[in-house]
file input_30.tsv (TSV, C-alpha atoms)
chain	number	residue	atom	x	y	z
A	1	MET	CA	130.36	100.74	98.39
A	2	ASP	CA	133.27	100.55	95.96
A	3	LYS	CA	132.41	100.36	92.30
A	4	LYS	CA	133.21	97.09	90.53
A	5	ILE	CA	133.94	95.40	93.80
A	6	LEU	CA	133.64	91.91	92.35
A	7	GLY	CA	135.16	92.22	88.86
A	8	THR	CA	132.52	90.02	87.19
A	9	ASN	CA	128.75	89.83	86.93
A	10	ILE	CA	128.39	86.25	85.69
A	11	VAL	CA	126.53	84.02	88.15
A	12	THR	CA	127.88	80.48	87.71
A	13	GLN	CA	125.93	78.59	90.40
A	14	VAL	CA	122.62	78.79	92.20
A	15	ALA	CA	122.95	76.48	95.20
A	16	PHE	CA	120.52	74.86	97.62
A	17	VAL	CA	121.18	72.95	100.85
A	18	VAL	CA	119.22	69.74	101.28
A	19	ASN	CA	118.87	66.90	103.77
A	20	ASP	CA	118.70	64.08	101.23
A	21	ILE	CA	120.74	64.78	98.11
A	22	GLU	CA	119.76	61.50	96.44
A	23	LYS	CA	116.07	62.27	96.69
A	24	THR	CA	116.26	65.95	95.76
A	25	SER	CA	118.68	65.42	92.88
A	26	GLN	CA	116.26	62.84	91.44
A	27	ALA	CA	113.43	65.39	91.77
A	28	TYR	CA	115.51	68.04	89.95
A	29	ALA	CA	116.51	65.54	87.26
A	30	ASP	CA	112.87	64.71	86.58
A	31	PHE	CA	111.79	68.36	86.73
A	32	LEU	CA	114.51	69.55	84.36
A	33	GLY	CA	114.42	66.52	82.05
A	34	MET	CA	118.11	65.83	82.76
A	35	ASP	CA	120.05	62.79	83.93
A	36	LYS	CA	120.59	62.54	87.67
A	37	PRO	CA	124.23	63.55	88.12
A	38	GLU	CA	126.83	61.58	90.03
A	39	ILE	CA	126.95	62.68	93.65
A	40	LYS	CA	130.40	64.01	94.55
A	41	ILE	CA	131.87	64.61	97.98
A	42	THR	CA	134.19	67.46	98.88
A	43	LYS	CA	137.78	66.38	99.53
A	44	GLU	CA	139.37	65.75	102.91
A	45	TYR	CA	140.89	68.49	105.01
A	46	ASP	CA	144.46	67.60	104.05
A	47	GLN	CA	143.63	68.44	100.44
A	48	VAL	CA	141.29	71.41	100.72
A	49	LYS	CA	142.32	73.06	104.02
A	50	THR	CA	138.85	74.27	104.90
A	51	VAL	CA	138.65	77.22	107.31
A	52	TYR	CA	135.27	78.01	108.90
A	53	LYS	CA	134.99	81.29	110.79
A	54	GLY	CA	138.74	81.50	111.16
A	55	LYS	CA	139.37	77.94	112.38
A	56	PRO	CA	140.44	74.80	110.50
A	57	SER	CA	137.46	72.53	109.85
A	58	THR	CA	137.12	68.95	108.65
A	59	THR	CA	133.55	69.56	107.42
A	60	ARG	CA	132.64	67.90	104.15
A	61	ALA	CA	129.54	67.90	101.95
A	62	LYS	CA	127.94	65.82	99.23
A	63	LEU	CA	127.41	67.80	96.00
A	64	ALA	CA	125.32	67.40	92.86
A	65	PHE	CA	125.62	69.72	89.85
A	66	PHE	CA	123.05	70.25	87.11
A	67	HIS	CA	124.88	72.03	84.29
A	68	LEU	CA	122.12	74.07	82.63
A	69	THR	CA	124.20	76.24	80.31
A	70	PRO	CA	127.97	76.58	79.76
A	71	ASN	CA	127.90	79.31	82.42
A	72	LEU	CA	125.32	78.19	84.94
A	73	ALA	CA	124.73	75.19	87.20
A	74	ILE	CA	122.20	74.39	89.88
A	75	GLU	CA	124.13	72.91	92.82
A	76	LEU	CA	122.66	70.77	95.57
A	77	ILE	CA	124.60	70.46	98.83
A	78	GLU	CA	124.07	67.91	101.61
A	79	PRO	CA	126.40	68.94	104.42
A	80	ASP	CA	127.75	66.64	107.11
A	81	ALA	CA	126.91	67.23	110.79
A	82	GLU	CA	129.86	69.53	111.51
A	83	LYS	CA	129.46	73.27	111.78
A	84	SER	CA	129.87	74.88	108.37
A	85	VAL	CA	128.44	77.61	106.20
A	86	TRP	CA	126.21	74.88	104.73
A	87	ARG	CA	125.04	73.35	108.04
A	88	ASP	CA	124.35	76.83	109.47
A	89	VAL	CA	121.86	77.69	106.72
A	90	LEU	CA	120.23	74.27	106.90
A	91	GLU	CA	119.70	74.61	110.65
A	92	GLU	CA	118.61	78.26	110.56
A	93	ASN	CA	116.38	78.27	107.47
A	94	GLY	CA	115.76	74.60	106.69
A	95	GLU	CA	116.23	73.14	103.25
A	96	GLY	CA	116.43	75.71	100.50
A	97	PHE	CA	118.52	78.39	98.85
A	98	HIS	CA	122.12	78.74	99.98
A	99	HIS	CA	124.21	80.98	97.67
A	100	ILE	CA	124.97	82.33	94.24
A	101	ALA	CA	128.53	81.89	92.94
A	102	PHE	CA	130.87	83.91	90.75
A	103	VAL	CA	134.26	83.01	89.27
A	104	VAL	CA	136.73	85.74	90.22
A	105	GLU	CA	140.33	86.69	89.61
A	106	ASN	CA	142.71	87.97	92.29
A	107	THR	CA	140.64	86.31	94.98
A	108	ASP	CA	142.45	87.76	97.97
A	109	GLU	CA	141.93	91.29	96.64
A	110	VAL	CA	138.26	90.61	96.00
A	111	ILE	CA	137.81	89.20	99.51
A	112	ALA	CA	139.56	92.25	100.99
A	113	ARG	CA	137.23	94.60	99.06
A	114	LEU	CA	134.17	92.61	100.11
A	115	GLU	CA	135.21	92.58	103.77
A	116	LYS	CA	135.77	96.35	103.64
A	117	ASN	CA	132.20	96.65	102.33
A	118	ASN	CA	130.39	94.70	105.06
A	119	MET	CA	130.60	91.27	103.39
A	120	PRO	CA	132.84	89.26	105.75
A	121	LEU	CA	134.58	86.01	104.82
A	122	ILE	CA	132.92	83.11	106.64
A	123	GLN	CA	134.44	79.97	105.09
A	124	ARG	CA	137.17	79.23	102.60
A	125	ALA	CA	139.14	76.33	101.22
A	126	ASN	CA	141.80	76.08	98.54
A	127	ASN	CA	139.31	76.46	95.69
A	128	TYR	CA	136.40	78.54	97.03
A	129	ALA	CA	135.42	81.20	99.55
A	130	TYR	CA	132.07	82.21	101.02
A	131	VAL	CA	131.29	85.75	102.14
A	132	ASP	CA	128.27	86.76	104.20
A	133	ALA	CA	126.53	89.36	102.05
A	134	THR	CA	123.15	88.82	103.69
A	135	GLU	CA	123.02	92.41	104.91
A	136	GLU	CA	124.04	94.14	101.67
A	137	LEU	CA	122.79	91.69	99.01
A	138	LYS	CA	120.43	89.43	101.04
A	139	THR	CA	122.43	86.32	100.16
A	140	ILE	CA	125.65	84.45	100.82
A	141	ILE	CA	128.09	84.83	97.90
A	142	GLU	CA	130.54	82.13	96.84
A	143	LEU	CA	133.75	83.04	95.07
A	144	LEU	CA	135.35	80.41	92.83
A	145	TRP	CA	138.69	80.59	91.06
B	1	MET	CA	107.71	62.31	89.04
B	2	ASP	CA	107.06	62.62	85.31
B	3	LYS	CA	110.10	62.95	83.11
B	4	LYS	CA	110.60	66.32	81.37
B	5	ILE	CA	107.90	67.87	83.43
B	6	LEU	CA	109.01	71.42	82.67
B	7	GLY	CA	110.15	71.28	79.04
B	8	THR	CA	113.21	73.49	79.57
B	9	ASN	CA	116.22	73.64	81.86
B	10	ILE	CA	117.24	77.28	81.31
B	11	VAL	CA	117.02	79.36	84.48
B	12	THR	CA	116.23	82.94	83.42
B	13	GLN	CA	115.91	84.69	86.79
B	14	VAL	CA	117.23	84.37	90.31
B	15	ALA	CA	114.97	86.56	92.44
B	16	PHE	CA	115.20	88.05	95.93
B	17	VAL	CA	112.55	89.82	98.02
B	18	VAL	CA	113.69	92.99	99.76
B	19	ASN	CA	112.28	95.71	101.99
B	20	ASP	CA	114.03	98.64	100.29
B	21	ILE	CA	114.55	98.10	96.58
B	22	GLU	CA	116.33	101.42	96.08
B	23	LYS	CA	118.97	100.59	98.67
B	24	THR	CA	119.49	96.95	97.69
B	25	SER	CA	119.54	97.65	93.96
B	26	GLN	CA	122.28	100.23	94.56
B	27	ALA	CA	124.23	97.64	96.57
B	28	TYR	CA	123.91	95.10	93.72
B	29	ALA	CA	124.88	97.72	91.13
B	30	ASP	CA	128.05	98.52	93.04
B	31	PHE	CA	128.84	94.86	93.73
B	32	LEU	CA	128.37	93.80	90.09
B	33	GLY	CA	129.87	96.91	88.53
B	34	MET	CA	126.62	97.63	86.69
B	35	ASP	CA	124.34	100.65	86.42
B	36	LYS	CA	121.48	100.75	88.90
B	37	PRO	CA	118.44	99.78	86.82
B	38	GLU	CA	115.21	101.72	86.62
B	39	ILE	CA	112.74	100.47	89.23
B	40	LYS	CA	109.57	99.17	87.58
B	41	ILE	CA	106.22	98.44	89.17
B	42	THR	CA	103.91	95.60	88.22
B	43	LYS	CA	100.76	96.70	86.40
B	44	GLU	CA	97.35	97.22	87.95
B	45	TYR	CA	94.86	94.42	88.44
B	46	ASP	CA	92.78	95.40	85.40
B	47	GLN	CA	95.77	94.71	83.18
B	48	VAL	CA	97.41	91.68	84.82
B	49	LYS	CA	94.49	89.91	86.55
B	50	THR	CA	96.55	88.61	89.45
B	51	VAL	CA	95.17	85.57	91.26
B	52	TYR	CA	96.69	84.67	94.64
B	53	LYS	CA	95.72	81.29	96.13
B	54	GLY	CA	92.64	81.15	93.94
B	55	LYS	CA	91.32	84.66	94.58
B	56	PRO	CA	91.70	87.88	92.59
B	57	SER	CA	94.33	90.14	94.16
B	58	THR	CA	95.33	93.76	93.61
B	59	THR	CA	98.83	93.15	95.01
B	60	ARG	CA	101.66	94.92	93.21
B	61	ALA	CA	105.43	94.96	93.57
B	62	LYS	CA	108.41	97.11	92.65
B	63	LEU	CA	110.94	95.26	90.50
B	64	ALA	CA	114.58	95.75	89.51
B	65	PHE	CA	116.36	93.57	86.94
B	66	PHE	CA	120.11	93.12	86.53
B	67	HIS	CA	120.61	91.48	83.14
B	68	LEU	CA	123.81	89.45	83.63
B	69	THR	CA	123.80	87.42	80.41
B	70	PRO	CA	121.31	87.16	77.52
B	71	ASN	CA	119.65	84.31	79.46
B	72	LEU	CA	119.94	85.30	83.10
B	73	ALA	CA	118.86	88.20	85.31
B	74	ILE	CA	118.99	88.85	89.03
B	75	GLU	CA	115.59	90.25	90.03
B	76	LEU	CA	114.86	92.25	93.17
B	77	ILE	CA	111.24	92.45	94.36
B	78	GLU	CA	109.80	94.86	96.90
B	79	PRO	CA	106.18	93.78	97.45
B	80	ASP	CA	103.38	95.98	98.69
B	81	ALA	CA	101.62	95.23	101.98
B	82	GLU	CA	98.93	92.96	100.51
B	83	LYS	CA	99.12	89.19	100.80
B	84	SER	CA	101.08	87.73	97.89
B	85	VAL	CA	103.62	85.07	97.11
B	86	TRP	CA	106.23	87.82	97.57
B	87	ARG	CA	104.92	89.19	100.88
B	88	ASP	CA	104.55	85.65	102.28
B	89	VAL	CA	108.25	84.87	101.81
B	90	LEU	CA	109.31	88.26	103.15
B	91	GLU	CA	107.25	87.75	106.30
B	92	GLU	CA	108.19	84.11	106.82
B	93	ASN	CA	111.90	84.18	105.95
B	94	GLY	CA	112.83	87.86	105.91
B	95	GLU	CA	114.72	89.47	103.06
B	96	GLY	CA	116.40	87.00	100.75
B	97	PHE	CA	115.94	84.44	98.03
B	98	HIS	CA	112.48	84.09	96.50
B	99	HIS	CA	112.48	81.98	93.31
B	100	ILE	CA	114.16	80.78	90.16
B	101	ALA	CA	112.32	81.35	86.88
B	102	PHE	CA	112.03	79.43	83.61
B	103	VAL	CA	110.44	80.45	80.30
B	104	VAL	CA	107.99	77.72	79.29
B	105	GLU	CA	105.66	76.85	76.43
B	106	ASN	CA	102.13	75.49	76.85
B	107	THR	CA	101.91	77.02	80.29
B	108	ASP	CA	98.62	75.46	81.30
B	109	GLU	CA	99.91	71.99	80.49
B	110	VAL	CA	103.11	72.64	82.46
B	111	ILE	CA	101.12	73.90	85.45
B	112	ALA	CA	98.89	70.83	85.29
B	113	ARG	CA	101.93	68.51	85.26
B	114	LEU	CA	103.53	70.42	88.14
B	115	GLU	CA	100.34	70.31	90.21
B	116	LYS	CA	100.08	66.57	89.60
B	117	ASN	CA	103.64	66.26	90.95
B	118	ASN	CA	103.16	68.05	94.27
B	119	MET	CA	104.04	71.56	93.03
B	120	PRO	CA	100.78	73.51	93.40
B	121	LEU	CA	100.04	76.82	91.68
B	122	ILE	CA	100.04	79.63	94.27
B	123	GLN	CA	99.86	82.84	92.23
B	124	ARG	CA	99.42	83.72	88.60
B	125	ALA	CA	98.78	86.71	86.39
B	126	ASN	CA	98.53	87.10	82.65
B	127	ASN	CA	102.28	86.81	82.12
B	128	TYR	CA	103.64	84.63	84.94
B	129	ALA	CA	102.77	81.86	87.38
B	130	TYR	CA	104.35	80.74	90.64
B	131	VAL	CA	104.26	77.15	91.85
B	132	ASP	CA	105.20	76.02	95.33
B	133	ALA	CA	107.98	73.48	94.74
B	134	THR	CA	109.45	73.88	98.22
B	135	GLU	CA	108.80	70.25	99.09
B	136	GLU	CA	110.18	68.68	95.89
B	137	LEU	CA	112.82	71.21	94.81
B	138	LYS	CA	113.25	73.33	97.96
B	139	THR	CA	112.25	76.51	96.13
B	140	ILE	CA	109.37	78.41	94.60
B	141	ILE	CA	109.45	78.19	90.78
B	142	GLU	CA	108.26	80.97	88.49
B	143	LEU	CA	107.00	80.17	85.01
B	144	LEU	CA	107.22	82.92	82.38
B	145	TRP	CA	105.85	82.84	78.85
call {"tool": "encode", "arguments": {"input": "input_30.tsv", "output": "structure tokens"}}
result
Amino acid sequence: MDKKILGTNIVTQVAFVVNDIEKTSQAYADFLGMDKPEIKITKEYDQVKTVYKGKPSTTRAKLAFFHLTPNLAIELIEPDAEKSVWRDVLEENGEGFHHIAFVVENTDEVIARLEKNNMPLIQRANNYAYVDATEELKTIIELLW
Amino acid sequence: MDKKILGTNIVTQVAFVVNDIEKTSQAYADFLGMDKPEIKITKEYDQVKTVYKGKPSTTRAKLAFFHLTPNLAIELIEPDAEKSVWRDVLEENGEGFHHIAFVVENTDEVIARLEKNNMPLIQRANNYAYVDATEELKTIIELLW
């Protein structure tokens, strides 16, 4: 594998897929001693241009972020019923861990290096990309920019 | 659930169970642009007094830590063949995510609060404890002290 393939080593999110984001975000809030965050929803296709496995997708998800440190958040994701990188994990593994995220520069170059190293792009939009690193790193990786 | 059940919100580890820690730690080193860390092995029973589901256990594991920030490490765990909280996840889910960890004070009080809130203790030794928070938080939680 290429050295310094990613260009950063700062994990910015640890994300979990859930069936009921209201319930699980309340459980995290109580556990962590934090306020329950506002639940957000990803934007519509016209704005984010989501592409799942090479095809345009209107999938959307509800999101909750617990900002633990300036660098790191726990993210909860409740996907809609459409096929997506979120729905796939929920259906295959059930509720639980989904990805770790990194903020990168020169995203297209990073994605090209990852794809060359057995970590194929599986979903992207105009502000994030997911690569399937389950073989090499045993996890999905999200790139943010 | 009780408020401030944990007493901290700083995640210190994101941990994955793997079958071949040499191979996967090299993949992470290349991906992150870091040196491959020395592989450690957990100490023998006489020193750590591991208890798995209420019974003494001689289980051990190989460990690799990638220290990303002063607060946060990625941990890779290759368990031995004995029953353990590590082996259980590897056999049930395959290689992948295992837990997030927090450093806590007054460990016994924290464990008691977690158990009262549907997060039972499943393994502990003299320097860590795992609770099963898969129902409430969709993950195993490790407590360190």
call {"tool": "interface_residues", "arguments": {"input": "input_30.tsv", "of": "chain A", "to": "chain B", "cutoff": "6 Å", "atoms": "all atoms listed in the file", "output": "PyMOL selection string"}}
result
chain A and resi 3-6+9-10+30-33+68+96+138
call {"tool": "residues_around", "arguments": {"input": "input_30.tsv", "residues": "B:Glu38", "least_positions_apart": "3", "cutoff": "9 Å", "atoms": "all atoms listed in the file", "output": "count of residues only"}}
result
3
call {"tool": "closest_residue", "arguments": {"input": "input_30.tsv", "among": "B:Ala129, B:Val85, B:Ile21, B:Ile122", "to": "B:Asp108", "atoms": "only C-alpha atoms"}}
result
B:Ala129
call {"tool": "residues_near_point", "arguments": {"input": "input_30.tsv", "point": "(134.3, 68.5, 106.9)", "cutoff": "12 Å", "atoms": "all atoms listed in the file", "output": "ChimeraX atom specification"}}
result
/A:41-52,56-62,78-87,123-125
call {"tool": "atom_distance", "arguments": {"input": "input_30.tsv", "atom1": "atom CA of B:Asp88", "atom2": "atom CA of B:Val104"}}
result
24.6 Å
call {"tool": "residues_around", "arguments": {"input": "input_30.tsv", "residues": "B:Met119", "least_positions_apart": "3", "cutoff": "7 Å", "atoms": "all atoms listed in the file", "output": "PyMOL selection string"}}
result
chain B and resi 114-115+131-133
call {"tool": "atom_distance", "arguments": {"input": "input_30.tsv", "atom1": "atom CA of A:Ile111", "atom2": "atom CA of A:Leu143"}}
result
8.6 Å
call {"tool": "closest_residue", "arguments": {"input": "input_30.tsv", "among": "B:Thr12, B:Glu22, B:Ile141, B:Asn127", "to": "B:Val103", "atoms": "only C-alpha atoms"}}
result
B:Thr12
call {"tool": "atom_distance", "arguments": {"input": "input_30.tsv", "atom1": "atom CA of B:Leu90", "atom2": "atom CA of B:Lys53"}}
result
16.8 Å
call {"tool": "build_atoms", "arguments": {"input": "input_30.tsv", "residues": "stretch 1-35 of chain A", "atoms": "N, CA and C atoms", "output": "tab-separated table (two decimals), keeping the file's coordinate frame"}}
result
chain	number	residue	atom	x	y	z
A	1	MET	N	129.65	101.97	98.78
A	1	MET	CA	130.36	100.74	98.39
A	1	MET	C	131.24	101.03	97.17
A	2	ASP	N	132.39	100.38	97.12
A	2	ASP	CA	133.27	100.55	95.96
A	2	ASP	C	132.58	100.12	94.68
A	3	LYS	N	132.87	100.79	93.62
A	3	LYS	CA	132.41	100.36	92.30
A	3	LYS	C	133.20	99.13	91.86
A	4	LYS	N	132.55	98.25	91.12
A	4	LYS	CA	133.21	97.09	90.53
A	4	LYS	C	133.98	96.29	91.58
A	5	ILE	N	133.31	96.06	92.66
A	5	ILE	CA	133.94	95.40	93.80
A	5	ILE	C	134.29	93.95	93.47
A	6	LEU	N	133.52	93.34	92.58
A	6	LEU	CA	133.64	91.91	92.35
A	6	LEU	C	134.50	91.61	91.12
A	7	GLY	N	134.38	92.43	90.07
A	7	GLY	CA	135.16	92.22	88.86
A	7	GLY	C	134.50	91.31	87.85
A	8	THR	N	133.28	90.86	88.13
A	8	THR	CA	132.52	90.02	87.19
A	8	THR	C	131.05	90.19	87.52
A	9	ASN	N	130.17	89.88	86.57
A	9	ASN	CA	128.75	89.83	86.93
A	9	ASN	C	128.11	88.54	86.43
A	10	ILE	N	128.92	87.51	86.21
A	10	ILE	CA	128.39	86.25	85.69
A	10	ILE	C	128.15	85.27	86.85
A	11	VAL	N	126.89	85.02	87.13
A	11	VAL	CA	126.53	84.02	88.15
A	11	VAL	C	126.77	82.63	87.56
A	12	THR	N	127.55	81.81	88.24
A	12	THR	CA	127.88	80.48	87.71
A	12	THR	C	127.16	79.35	88.44
A	13	GLN	N	126.68	79.61	89.64
A	13	GLN	CA	125.93	78.59	90.40
A	13	GLN	C	124.79	79.25	91.16
A	14	VAL	N	123.69	78.51	91.25
A	14	VAL	CA	122.62	78.79	92.20
A	14	VAL	C	122.53	77.54	93.05
A	15	ALA	N	122.75	77.67	94.36
A	15	ALA	CA	122.95	76.48	95.20
A	15	ALA	C	121.91	76.39	96.31
A	16	PHE	N	121.52	75.16	96.59
A	16	PHE	CA	120.52	74.86	97.62
A	16	PHE	C	121.10	73.82	98.58
A	17	VAL	N	120.82	73.98	99.87
A	17	VAL	CA	121.18	72.95	100.85
A	17	VAL	C	119.98	72.03	101.07
A	18	VAL	N	120.28	70.75	101.18
A	18	VAL	CA	119.22	69.74	101.28
A	18	VAL	C	119.62	68.70	102.33
A	19	ASN	N	118.62	67.98	102.81
A	19	ASN	CA	118.87	66.90	103.77
A	19	ASN	C	119.14	65.56	103.10
A	20	ASP	N	118.59	65.37	101.91
A	20	ASP	CA	118.70	64.08	101.23
A	20	ASP	C	119.03	64.34	99.76
A	21	ILE	N	120.32	64.36	99.45
A	21	ILE	CA	120.74	64.78	98.11
A	21	ILE	C	120.31	63.77	97.06
A	22	GLU	N	120.21	62.50	97.41
A	22	GLU	CA	119.76	61.50	96.44
A	22	GLU	C	118.32	61.80	96.01
A	23	LYS	N	117.48	62.03	96.97
A	23	LYS	CA	116.07	62.27	96.69
A	23	LYS	C	115.86	63.58	95.92
A	24	THR	N	116.50	64.66	96.39
A	24	THR	CA	116.26	65.95	95.76
A	24	THR	C	116.94	66.03	94.40
A	25	SER	N	118.07	65.38	94.21
A	25	SER	CA	118.68	65.42	92.88
A	25	SER	C	117.84	64.61	91.88
A	26	GLN	N	117.18	63.56	92.34
A	26	GLN	CA	116.26	62.84	91.44
A	26	GLN	C	115.07	63.73	91.08
A	27	ALA	N	114.56	64.48	92.06
A	27	ALA	CA	113.43	65.39	91.77
A	27	ALA	C	113.84	66.47	90.76
A	28	TYR	N	115.03	67.04	90.92
A	28	TYR	CA	115.51	68.04	89.95
A	28	TYR	C	115.72	67.41	88.57
A	29	ALA	N	116.28	66.21	88.54
A	29	ALA	CA	116.51	65.54	87.26
A	29	ALA	C	115.19	65.37	86.51
A	30	ASP	N	114.18	64.91	87.22
A	30	ASP	CA	112.87	64.71	86.58
A	30	ASP	C	112.26	66.04	86.15
A	31	PHE	N	112.35	67.03	87.02
A	31	PHE	CA	111.79	68.36	86.73
A	31	PHE	C	112.44	68.98	85.50
A	32	LEU	N	113.76	68.89	85.43
A	32	LEU	CA	114.51	69.55	84.36
A	32	LEU	C	114.62	68.70	83.10
A	33	GLY	N	114.24	67.42	83.19
A	33	GLY	CA	114.42	66.52	82.05
A	33	GLY	C	115.88	66.21	81.80
A	34	MET	N	116.67	66.11	82.87
A	34	MET	CA	118.11	65.83	82.76
A	34	MET	C	118.42	64.52	83.49
A	35	ASP	N	119.60	63.96	83.17
A	35	ASP	CA	120.05	62.79	83.93
A	35	ASP	C	120.40	63.20	85.36
